[in-house]
Each structure stands twice: as structure tokens, then as C-alpha cells.
Amino acid sequence: MDKSSNLEFGGIFDIQKISQSTSDIGNSRLENLDLDISEKSMESPLDDSVSDVIHQPSSQASYESWSNVVKPTASAFPNIQPESSFHFGDPGDSIKDSSSRTSEMADSYHSSLSLMRPEIENSYTVNKTKTSLSRIPLPQSAASFYNGHSPRMEIVESCESIKSLNMFLKSKRVKVDAGVPGRFLHTVIGQDVSDVGSVAAVIMYAFYLNGMLESHQFCTVPVINMKRTELNSHAELKWLLDSCQIDQSSLIFINEIDLSYYDLFGSLKLVLLNGSKLPTKQEALKESVIEIFNCPKGERVYRWVEKVTVGQECSPCTLIAEKFAMTSPEILAGQGFSRLLLAGILLDTGNLSSPQCTSKDKYMATLLINGAGRFGCNGLYQILRYKLYDVSELGVADILGKDFKKWTRVGKLDNAGSRLMVAHVGMSSIGISLQQLLAHGNASTREIRLFQQMEKLRLLMIVSGYYDQQKNFKREILVSTESVEVMKNSLFFFNSNASQLPLKVLYQPELGEDMRAFEIDKVTSRKTIERLLEEFGGTAKVNAASQPK
């Protein structure tokens, strides 16, 4: 741009020359801004709270407008001059030669530009990073090239849609704590599968229904179908909620609300997500179901439910994002809001590469791409996948409970003939070797037995699947029983099915007679092991997997 330009102020007065073009001003001030951020981050310690806020007005004005210059707060960046400190006139001329009327008209013009700016502003917070991503092999991206990676701080965009979502969650939490007087408890609940897609769908669909329902008789509340303590074993979910700035204290988990109480008094209205019927633990509440969202085709069970949205073989987060796009598309512009939905789509579809991925999944992922931020879709997916299998900070019980299934077998009458005998069989799937699981020696075996006792399991099978240093896939199992007799029975059963489950003994000296470790000689799927356990255990499965297969 030419450094001298003519601007007319209302056709009355012409400014002959401007000392710097607006693009030069913008570039120089942005350089000062970057420099000042880096200097302050190195000089002063950052804590978990917000340390600095930068406001950048959204504007449709051209790059030649002063309104596009970033205006930092004086307290955050004291070394940067405010806009009013830039002088009009040729750099070689003395400022005294400038007409006072020129300054007045310039101030008037600048004020008029400020009045034309929209009220909505984008704010950015500089936070101390809570978790390190340096160990995750992120793919190369343009954003990483230009922004780099700081191990100490991150700049997070303040999202208006996330603020609205947090206000919704907080207000509903307050009403639930008060007992929801004079209203129906309109609960959105999913299957007892605590994966990212399920949790994101429950939260977002409840928020959508709350905005669309015209009746004030309903108090629409999302209920996460897992215990709050179980959240600690899902690092990918915790990281996502943190990065999206979701207020986790306002979320309601299944152990924090008594749905049967509201059902008893006829004030419960259930919206079921991602299934044709409620999980076994909530099956007694089936008469309260009034809507089913993303119901599998041909699996309708509750015939009295009139409002049923049949699934379209795509991610439930895709369907919910589509609803927002049709009703209020501007809400998807927020990075945190779109990231929550995008993360669910990416994990449900294997980064848009699984055979089940549909064209609608890809379309909505493109629409929500702002949610990926500087990581890009591939980088966001890699972070979530790494966190999904990262157990470095978990205890043995958390590792076993991360992906756990349970079967119940009703047997013969007890010795007194008063009640039926009930036996439980469980399976935990882990992504590390048994050697890593048992790395703490006797402490690990004690925790395994404690987990088995807490779940009241007659037999617990730990199924390990991992890649060794030569990139070969390995499958190992550890069998823990309540008695030596049960161990003998289980080994006899497995030997009779050796063609499907060929076992090779792994010597582990710290294991007792009621705990044995084996390597499976051939590649065997978890489905095969699960089916064999169902045959050994007896009847139906009562707990679904907490992670997708």
C-alpha cells in the first residue's frame, strides 16, 4: 500500500498524508503483541486461572479500517501504545504544523467507526496448560507451523455458545437440587456406554430440546449414565470437557439423581438416546419413555412411544449437529461448542474412515471443522485416541473398570431352598500387556482381587490386546476366580474349546492358585472370548461396555 493516501471526512476536509498505512500499523502492532505475550509468559508464572484477556472486535470492515487493529487491554500489555497515540501527518513534518482541526476531524471519524462496530466481541484467555500433549505424535498442520507449541500456556477463544450451554447446565442443576417443584423432569439419557459420542450427544440434545420446547411444564435435564467417579478413568472425556470449557460441576451423573423417585410420582418423562430400550439398570422406568432418538432400524421395542427418530447409520452427534444447523446455525460457530460435537463424530467414525462412516458424517465434520482448532481434524482425533488408551495415570481398579462387561447367571436353589443362587462373571479389556498391569507385584494382584470382590464376581477375565516392539499384535488373558474349584472348572471349559481359544501358560510367580495368566496362540477377537464367557457364565449381559469395540 502507498504510505500516502487521501481520506475525505464528510466532504469537508482532506487529510493530505498519513504517516503509516493501516496495514503497516496492524502488522507492527501484532508483532508487538506477539512479542509481549511471549515475554510476559516467560517472566511471570501462570496459574490455572485466566491471567490475561484479549478482545478482538468482529467486523466486516476492510483491512484498511482502523477497527481491525487488535486493541489489548492496558493492564495486560502496558508496552503497547493505544490507537489514539498514533499521529497523523508526514513523518518529516513537525506535529506542531498539523492543524488542530485535522485532529478533531480524525477523532470524530475514529469515533464514528467505533460506533459502527458490532456489539459481539471475540475474547481470548491465556491459560496455563493442564495436560502436556508433547508425547502425542500429532500430524503436521499449518496452524502448528505458525503458532508453534508452548508447553506452558495456551490461548483459548471464549465461546458465547459454550457460555449459554454452561448457563443451561448450571440452572438445571440448581432446579434438580431443589427437587424440580411443579414441573415434569424431562430427562435425556443414553446407554450405559461412557464414550465421548454418547456423553456429547446427551448434553447437546438436551440443550437443543430445551431451546425448542415451548412448554414450561418440562424441566429438560441431561443425565450422564455413569458415576461421577468413573469419569477419572476416562482421560479422553476429561480432556475434551476441559478443552471445550464445559462446567463439569454442573453435569448430573446417574448416581446423583434418583429417577425412580420421580417415576413413582408420575413426574418423569424420559428421552432415550442411541438404542431401542433402556439399559437393564433402568428397565423399570420404561413406562416413562416418551421419545427415542437415533433408534436402530427395525429394533423398536416400546410400541407406545410416538416420537421416534430412526437412526440413519451415522453418528448421533451428526444428527444433533444437523438439527442445530437447521434451526440456529450461528451457535455452531463457537470453537468449544463445535469441538464437542466434532469429537463425537470423529471417534464414532474412526476419523471419518470406517466403513460405517456416511457422507452426512463427513459433511457435518466439515461444517464443524472450527472445533478442531490448531490441531486440525487429524490432530484432534490423535489426541482423543491417545487419551482413550492412556492408562499411565490410572490405578489398577480404574484400568479394569474402563472397559468392563458383566453377566449374571441364576442357578439352583441354595441349601435352605429359600432363594436362587446368583453368580456373576465379568470381563475387563485393557490395552496394555499383563506384565505392565502386574508391574507393582503383590499390590497389583491385591487390587485385582479387590475389584473382583466389589463386583461380586465368581470369575473375572482380563483380556489384554497390545502391540509389541516388533509391531506384532499380542493377545493375553488373566483369569481370577473366587476359589480353586472354580479355576479348575473354568480351565476344563477353556480346554474343551481349545480350537477357538488355544492357551499357552505365562509364568507369573506372584500369582496364586486362583489366578492364572495365559497367552493366546492365535489372533482371537474379543467377540469370541465374550461369547465363550457367556456360555460359561450362563445368561444375559447386564452391563454394556464402557468403550466401543
# chains A, B, ... in the order shown; residues from 1 in each chain; ligands from 1
>>> residues_around(residues="segment 429-438 of chain A", least_positions_apart="5", cutoff="6 Å", atoms="only C-alpha atoms", output="list in words")
Asp403, Ser444, Ile462, Val463, Ser464, Gly465 and Tyr466 of chain A
>>> residues_around(residues="Leu285 of chain A", least_positions_apart="3", cutoff="10 Å", atoms="only C-alpha atoms", output="number ranges by chain")
A: 259-260, 262-264, 268-270, 278-282, 288-289
>>> select_by_dssp(residues="segment 176-266 of chain A", states="alpha helix (DSSP H)", output="number ranges by chain")
A: 176-177, 196-212, 235-243, 259-264
>>> write_last_selection(atoms="N, CA, C and O atoms", output="short mmCIF file (atom, residue, chain, number, x, y, z; two decimals), in the first residue's frame")
data_model
loop_
_atom_site.label_atom_id
_atom_site.label_comp_id
_atom_site.auth_asym_id
_atom_site.auth_seq_id
_atom_site.Cartn_x
_atom_site.Cartn_y
_atom_site.Cartn_z
N VAL A 176 -32.73 -29.26 39.82
CA VAL A 176 -32.74 -30.66 40.25
C VAL A 176 -32.41 -30.77 41.73
O VAL A 176 -33.04 -31.55 42.47
N ASP A 177 -31.46 -29.98 42.19
CA ASP A 177 -31.13 -29.99 43.62
C ASP A 177 -32.31 -29.53 44.47
O ASP A 177 -32.44 -29.94 45.64
N VAL A 196 -17.19 -40.88 24.32
CA VAL A 196 -17.30 -39.46 24.02
C VAL A 196 -18.58 -39.15 23.26
O VAL A 196 -19.30 -38.19 23.58
N GLY A 197 -18.89 -39.96 22.24
CA GLY A 197 -20.05 -39.70 21.42
C GLY A 197 -21.35 -39.73 22.20
O GLY A 197 -22.24 -38.89 22.00
N SER A 198 -21.48 -40.69 23.13
CA SER A 198 -22.70 -40.81 23.92
C SER A 198 -22.87 -39.63 24.87
O SER A 198 -23.96 -39.05 24.97
N VAL A 199 -21.80 -39.27 25.57
CA VAL A 199 -21.88 -38.15 26.52
C VAL A 199 -22.16 -36.84 25.80
O VAL A 199 -23.00 -36.04 26.22
N ALA A 200 -21.46 -36.60 24.69
CA ALA A 200 -21.67 -35.36 23.93
C ALA A 200 -23.10 -35.30 23.39
O ALA A 200 -23.73 -34.23 23.43
N ALA A 201 -23.63 -36.42 22.91
CA ALA A 201 -24.98 -36.44 22.36
C ALA A 201 -26.02 -36.14 23.43
O ALA A 201 -26.98 -35.38 23.19
N VAL A 202 -25.86 -36.69 24.63
CA VAL A 202 -26.82 -36.45 25.71
C VAL A 202 -26.84 -34.98 26.09
O VAL A 202 -27.91 -34.36 26.23
N ILE A 203 -25.66 -34.39 26.26
CA ILE A 203 -25.58 -32.97 26.65
C ILE A 203 -26.18 -32.08 25.58
O ILE A 203 -27.01 -31.19 25.86
N MET A 204 -25.78 -32.29 24.34
CA MET A 204 -26.20 -31.41 23.26
C MET A 204 -27.67 -31.56 22.90
O MET A 204 -28.34 -30.58 22.58
N TYR A 205 -28.19 -32.79 22.94
CA TYR A 205 -29.61 -32.96 22.58
C TYR A 205 -30.51 -32.37 23.66
O TYR A 205 -31.58 -31.83 23.36
N ALA A 206 -30.10 -32.47 24.91
CA ALA A 206 -30.87 -31.83 25.99
C ALA A 206 -30.88 -30.32 25.81
O ALA A 206 -31.91 -29.67 26.01
N PHE A 207 -29.74 -29.75 25.44
CA PHE A 207 -29.65 -28.30 25.21
C PHE A 207 -30.53 -27.90 24.03
O PHE A 207 -31.21 -26.86 24.06
N TYR A 208 -30.55 -28.72 22.99
CA TYR A 208 -31.38 -28.44 21.82
C TYR A 208 -32.86 -28.50 22.19
O TYR A 208 -33.64 -27.60 21.83
N LEU A 209 -33.28 -29.55 22.90
CA LEU A 209 -34.69 -29.67 23.28
C LEU A 209 -35.12 -28.54 24.19
O LEU A 209 -36.25 -28.05 24.08
N ASN A 210 -34.23 -28.12 25.07
CA ASN A 210 -34.58 -27.03 25.99
C ASN A 210 -34.90 -25.75 25.23
O ASN A 210 -35.77 -24.97 25.63
N GLY A 211 -34.20 -25.52 24.11
CA GLY A 211 -34.45 -24.32 23.33
C GLY A 211 -35.64 -24.43 22.40
O GLY A 211 -36.24 -23.42 22.02
N MET A 212 -36.02 -25.68 22.04
CA MET A 212 -37.10 -25.86 21.08
C MET A 212 -38.46 -26.08 21.73
O MET A 212 -39.48 -25.73 21.15
N ALA A 235 -9.74 -40.52 30.46
CA ALA A 235 -8.90 -39.35 30.24
C ALA A 235 -9.32 -38.57 29.00
O ALA A 235 -9.21 -37.34 28.97
N GLU A 236 -9.79 -39.28 27.96
CA GLU A 236 -10.19 -38.61 26.73
C GLU A 236 -11.41 -37.73 26.96
O GLU A 236 -11.51 -36.62 26.41
N LEU A 237 -12.33 -38.18 27.81
CA LEU A 237 -13.54 -37.41 28.10
C LEU A 237 -13.23 -36.21 28.97
O LEU A 237 -13.75 -35.11 28.74
N LYS A 238 -12.38 -36.40 29.95
CA LYS A 238 -11.99 -35.28 30.82
C LYS A 238 -11.25 -34.21 30.03
O LYS A 238 -11.49 -33.01 30.20
N TRP A 239 -10.33 -34.63 29.15
CA TRP A 239 -9.59 -33.66 28.35
C TRP A 239 -10.53 -32.88 27.44
O TRP A 239 -10.41 -31.66 27.29
N LEU A 240 -11.49 -33.58 26.83
CA LEU A 240 -12.41 -32.92 25.91
C LEU A 240 -13.29 -31.90 26.65
O LEU A 240 -13.46 -30.77 26.18
N LEU A 241 -13.83 -32.27 27.79
CA LEU A 241 -14.67 -31.35 28.56
C LEU A 241 -13.87 -30.14 29.01
O LEU A 241 -14.38 -29.01 29.00
N ASP A 242 -12.62 -30.36 29.40
CA ASP A 242 -11.76 -29.23 29.79
C ASP A 242 -11.47 -28.33 28.60
O ASP A 242 -11.54 -27.09 28.71
N SER A 243 -11.11 -28.91 27.46
CA SER A 243 -10.74 -28.10 26.30
C SER A 243 -11.94 -27.35 25.73
O SER A 243 -11.78 -26.29 25.12
N LEU A 259 -33.98 -41.23 39.72
CA LEU A 259 -35.04 -41.17 38.71
C LEU A 259 -36.28 -41.95 39.14
O LEU A 259 -37.41 -41.61 38.77
N SER A 260 -36.08 -43.01 39.92
CA SER A 260 -37.22 -43.82 40.36
C SER A 260 -38.16 -43.02 41.26
O SER A 260 -39.37 -43.29 41.29
N TYR A 261 -37.64 -42.05 41.98
CA TYR A 261 -38.48 -41.20 42.83
C TYR A 261 -39.46 -40.40 41.98
O TYR A 261 -40.65 -40.34 42.28
N TYR A 262 -38.97 -39.78 40.91
CA TYR A 262 -39.84 -39.00 40.03
C TYR A 262 -40.80 -39.92 39.28
O TYR A 262 -41.95 -39.55 39.02
N ASP A 263 -40.34 -41.13 38.93
CA ASP A 263 -41.20 -42.08 38.25
C ASP A 263 -42.34 -42.54 39.17
O ASP A 263 -43.48 -42.74 38.71
N LEU A 264 -42.06 -42.68 40.44
CA LEU A 264 -43.06 -43.12 41.41
C LEU A 264 -44.24 -42.14 41.49
O LEU A 264 -45.39 -42.55 41.62
#
>>> closest_residue(among="A:Leu342, A:Asp192, A:Pro329, A:Arg183", to="Phe265 of chain A", atoms="only C-alpha atoms")
A:Arg183
>>> residues_around(residues="segment 351-361 of chain A", least_positions_apart="2", cutoff="7 Å", atoms="only C-alpha atoms", output="list in words")
Glu313, Cys314, Ser315, Thr318, Ile345, Leu346, Leu347, Thr349, Tyr363, Met364, Ala365 and Tyr381 of chain A
>>> write_last_selection(atoms="N, CA and C atoms", output="PDB file, in the first residue's frame")
ATOM      1  N   GLU A 313     -27.657 -44.684  10.331  1.00  0.00           N
ATOM      2  CA  GLU A 313     -26.336 -45.305  10.211  1.00  0.00           C
ATOM      3  C   GLU A 313     -25.199 -44.305  10.363  1.00  0.00           C
ATOM      4  N   CYS A 314     -25.494 -43.140  10.908  1.00  0.00           N
ATOM      5  CA  CYS A 314     -24.442 -42.148  11.119  1.00  0.00           C
ATOM      6  C   CYS A 314     -24.324 -41.857  12.609  1.00  0.00           C
ATOM      7  N   SER A 315     -23.321 -41.071  12.980  1.00  0.00           N
ATOM      8  CA  SER A 315     -23.098 -40.738  14.381  1.00  0.00           C
ATOM      9  C   SER A 315     -24.271 -39.931  14.934  1.00  0.00           C
ATOM     10  N   THR A 318     -23.782 -36.321  14.621  1.00  0.00           N
ATOM     11  CA  THR A 318     -24.064 -35.785  13.290  1.00  0.00           C
ATOM     12  C   THR A 318     -25.520 -35.344  13.189  1.00  0.00           C
ATOM     13  N   ILE A 345     -18.215 -37.222  16.503  1.00  0.00           N
ATOM     14  CA  ILE A 345     -18.273 -37.734  15.130  1.00  0.00           C
ATOM     15  C   ILE A 345     -16.978 -38.442  14.759  1.00  0.00           C
ATOM     16  N   LEU A 346     -15.834 -37.841  15.086  1.00  0.00           N
ATOM     17  CA  LEU A 346     -14.543 -38.423  14.709  1.00  0.00           C
ATOM     18  C   LEU A 346     -14.315 -39.779  15.371  1.00  0.00           C
ATOM     19  N   LEU A 347     -14.654 -39.900  16.661  1.00  0.00           N
ATOM     20  CA  LEU A 347     -14.450 -41.176  17.341  1.00  0.00           C
ATOM     21  C   LEU A 347     -15.471 -42.221  16.907  1.00  0.00           C
ATOM     22  N   THR A 349     -16.717 -42.537  13.972  1.00  0.00           N
ATOM     23  CA  THR A 349     -16.480 -42.946  12.575  1.00  0.00           C
ATOM     24  C   THR A 349     -15.024 -43.292  12.295  1.00  0.00           C
ATOM     25  N   TYR A 363     -19.904 -34.453   5.870  1.00  0.00           N
ATOM     26  CA  TYR A 363     -20.406 -33.095   5.634  1.00  0.00           C
ATOM     27  C   TYR A 363     -20.458 -32.309   6.944  1.00  0.00           C
ATOM     28  N   MET A 364     -21.015 -32.927   7.995  1.00  0.00           N
ATOM     29  CA  MET A 364     -21.131 -32.216   9.266  1.00  0.00           C
ATOM     30  C   MET A 364     -19.763 -32.002   9.908  1.00  0.00           C
ATOM     31  N   ALA A 365     -18.826 -32.947   9.727  1.00  0.00           N
ATOM     32  CA  ALA A 365     -17.471 -32.750  10.257  1.00  0.00           C
ATOM     33  C   ALA A 365     -16.803 -31.549   9.583  1.00  0.00           C
ATOM     34  N   TYR A 381      -8.277 -35.980  16.501  1.00  0.00           N
ATOM     35  CA  TYR A 381      -8.553 -37.411  16.599  1.00  0.00           C
ATOM     36  C   TYR A 381      -7.392 -38.152  17.270  1.00  0.00           C
TER      37      TYR A 381
END
>>> select_by_dssp(residues="segment 438-500 of chain A", states="strand (DSSP E)", output="PDB file with C-alpha atoms, in the first residue's frame")
ATOM      1  CA  LEU A 459     -14.818 -65.279  37.691  1.00  0.00           C
ATOM      2  CA  LEU A 460     -13.017 -62.245  36.283  1.00  0.00           C
ATOM      3  CA  MET A 461     -11.230 -62.465  32.945  1.00  0.00           C
ATOM      4  CA  ILE A 462      -8.816 -59.671  31.996  1.00  0.00           C
ATOM      5  CA  VAL A 463      -8.312 -59.584  28.219  1.00  0.00           C
ATOM      6  CA  SER A 464      -5.165 -57.787  27.066  1.00  0.00           C
ATOM      7  CA  GLY A 465      -4.553 -56.627  23.499  1.00  0.00           C
ATOM      8  CA  TYR A 466      -1.434 -54.674  22.538  1.00  0.00           C
ATOM      9  CA  TYR A 467       1.417 -54.375  20.008  1.00  0.00           C
ATOM     10  CA  PHE A 473      -0.309 -57.861  17.916  1.00  0.00           C
ATOM     11  CA  LYS A 474      -0.444 -59.857  21.148  1.00  0.00           C
ATOM     12  CA  ARG A 475      -3.476 -61.226  22.992  1.00  0.00           C
ATOM     13  CA  GLU A 476      -3.167 -62.315  26.637  1.00  0.00           C
ATOM     14  CA  ILE A 477      -5.689 -63.194  29.324  1.00  0.00           C
ATOM     15  CA  LEU A 478      -5.603 -63.331  33.106  1.00  0.00           C
ATOM     16  CA  VAL A 479      -8.228 -65.454  34.877  1.00  0.00           C
ATOM     17  CA  SER A 480      -9.060 -64.707  38.516  1.00  0.00           C
ATOM     18  CA  THR A 481     -11.601 -66.874  40.361  1.00  0.00           C
TER      19      THR A 481
END
>>> closest_residue(among="A:Asn370, A:Lys522, A:Lys406, A:Arg446", to="Glu534 of chain A", atoms="only C-alpha atoms")
A:Lys406
>>> atom_distance(atom1="atom CA of Thr366 of chain A", atom2="atom CA of Asp348 of chain A")
15.3 Å
>>> closest_residue(among="A:Ile520, A:Ala439, A:Ala423, A:Leu457", to="Ser392 of chain A", atoms="only C-alpha atoms")
A:Ala439
>>> closest_residue(among="A:Ser276, A:Asn166, A:Gln191, A:Gln470", to="Gln248 of chain A", atoms="only C-alpha atoms")
A:Asn166
>>> decode(residues="segment 400-503 of chain A", atoms="C-alpha atoms", output="compact mmCIF listing (two decimals), in the first residue's frame")
# COMPACT_ATOMS: atom_id res chain seq x y z
CA LEU A 400 -10.12 -52.69 34.88
CA GLY A 401 -13.27 -50.57 35.08
CA LYS A 402 -12.50 -48.58 31.94
CA ASP A 403 -13.94 -51.26 29.62
CA PHE A 404 -15.89 -53.75 31.73
CA LYS A 405 -18.73 -56.21 31.00
CA LYS A 406 -20.70 -58.33 33.43
CA TRP A 407 -23.00 -61.36 33.13
CA THR A 408 -25.40 -62.77 35.70
CA ARG A 409 -26.32 -66.44 36.00
CA VAL A 410 -29.30 -67.60 38.03
CA GLY A 411 -28.65 -71.14 39.25
CA LYS A 412 -30.24 -73.67 41.57
CA LEU A 413 -31.82 -73.04 44.97
CA ASP A 414 -29.46 -72.64 47.90
CA ASN A 415 -29.12 -75.29 50.61
CA ALA A 416 -32.06 -73.89 52.56
CA GLY A 417 -34.19 -73.92 49.42
CA SER A 418 -35.28 -70.35 50.05
CA ARG A 419 -33.73 -68.48 47.13
CA LEU A 420 -31.99 -68.98 43.81
CA MET A 421 -28.22 -68.84 43.65
CA VAL A 422 -26.87 -65.93 41.58
CA ALA A 423 -23.37 -65.92 40.10
CA HIS A 424 -21.62 -63.12 38.25
CA VAL A 425 -18.95 -63.37 35.56
CA GLY A 426 -17.03 -60.30 34.32
CA MET A 427 -14.58 -59.32 31.57
CA SER A 428 -12.23 -56.32 31.53
CA SER A 429 -10.47 -55.32 28.32
CA ILE A 430 -7.17 -53.46 28.59
CA GLY A 431 -4.74 -52.05 26.03
CA ILE A 432 -1.52 -52.92 27.86
CA SER A 433 0.34 -56.17 28.49
CA LEU A 434 -0.24 -58.25 31.61
CA GLN A 435 3.35 -57.57 32.57
CA GLN A 436 2.61 -53.85 32.70
CA LEU A 437 -0.60 -54.45 34.64
CA LEU A 438 1.23 -56.58 37.20
CA ALA A 439 4.22 -54.22 37.38
CA HIS A 440 3.52 -53.42 41.04
CA GLY A 441 3.77 -57.06 42.10
CA ASN A 442 1.61 -58.07 45.07
CA ALA A 443 -0.08 -54.66 45.14
CA SER A 444 -1.48 -55.27 41.65
CA THR A 445 -2.86 -58.71 42.49
CA ARG A 446 -4.47 -57.33 45.65
CA GLU A 447 -6.21 -54.60 43.64
CA ILE A 448 -7.42 -57.17 41.09
CA ARG A 449 -8.94 -59.30 43.86
CA LEU A 450 -10.46 -56.20 45.47
CA PHE A 451 -12.08 -55.20 42.16
CA GLN A 452 -13.41 -58.74 41.78
CA GLN A 453 -14.90 -58.67 45.28
CA MET A 454 -16.51 -55.25 44.76
CA GLU A 455 -18.22 -56.50 41.58
CA LYS A 456 -19.12 -59.80 43.34
CA LEU A 457 -17.62 -61.84 40.53
CA ARG A 458 -17.30 -65.60 40.55
CA LEU A 459 -14.82 -65.28 37.69
CA LEU A 460 -13.02 -62.25 36.28
CA MET A 461 -11.23 -62.46 32.95
CA ILE A 462 -8.82 -59.67 32.00
CA VAL A 463 -8.31 -59.58 28.22
CA SER A 464 -5.17 -57.79 27.07
CA GLY A 465 -4.55 -56.63 23.50
CA TYR A 466 -1.43 -54.67 22.54
CA TYR A 467 1.42 -54.37 20.01
CA ASP A 468 4.92 -55.44 21.00
CA GLN A 469 8.16 -53.70 19.95
CA GLN A 470 8.15 -55.60 16.64
CA LYS A 471 4.64 -54.22 15.91
CA ASN A 472 3.12 -57.69 16.33
CA PHE A 473 -0.31 -57.86 17.92
CA LYS A 474 -0.44 -59.86 21.15
CA ARG A 475 -3.48 -61.23 22.99
CA GLU A 476 -3.17 -62.31 26.64
CA ILE A 477 -5.69 -63.19 29.32
CA LEU A 478 -5.60 -63.33 33.11
CA VAL A 479 -8.23 -65.45 34.88
CA SER A 480 -9.06 -64.71 38.52
CA THR A 481 -11.60 -66.87 40.36
CA GLU A 482 -13.20 -66.84 43.80
CA SER A 483 -11.89 -70.36 44.57
CA VAL A 484 -9.56 -73.03 43.28
CA GLU A 485 -12.55 -75.19 42.38
CA VAL A 486 -13.94 -72.51 40.07
CA MET A 487 -10.49 -72.18 38.48
CA LYS A 488 -10.45 -75.92 37.70
CA ASN A 489 -13.92 -75.75 36.17
CA SER A 490 -13.02 -72.75 34.03
CA LEU A 491 -9.78 -74.36 32.77
CA PHE A 492 -11.68 -77.53 31.86
CA PHE A 493 -14.19 -75.42 29.93
CA PHE A 494 -11.48 -73.47 28.08
CA ASN A 495 -9.58 -76.68 27.21
CA SER A 496 -12.75 -78.14 25.72
CA ASN A 497 -12.89 -75.06 23.46
CA ALA A 498 -9.16 -75.06 22.63
CA SER A 499 -9.87 -74.77 18.90
CA GLN A 500 -11.35 -71.33 19.49
CA LEU A 501 -9.18 -70.32 22.44
CA PRO A 502 -5.74 -72.02 22.34
CA LEU A 503 -3.96 -71.08 25.57
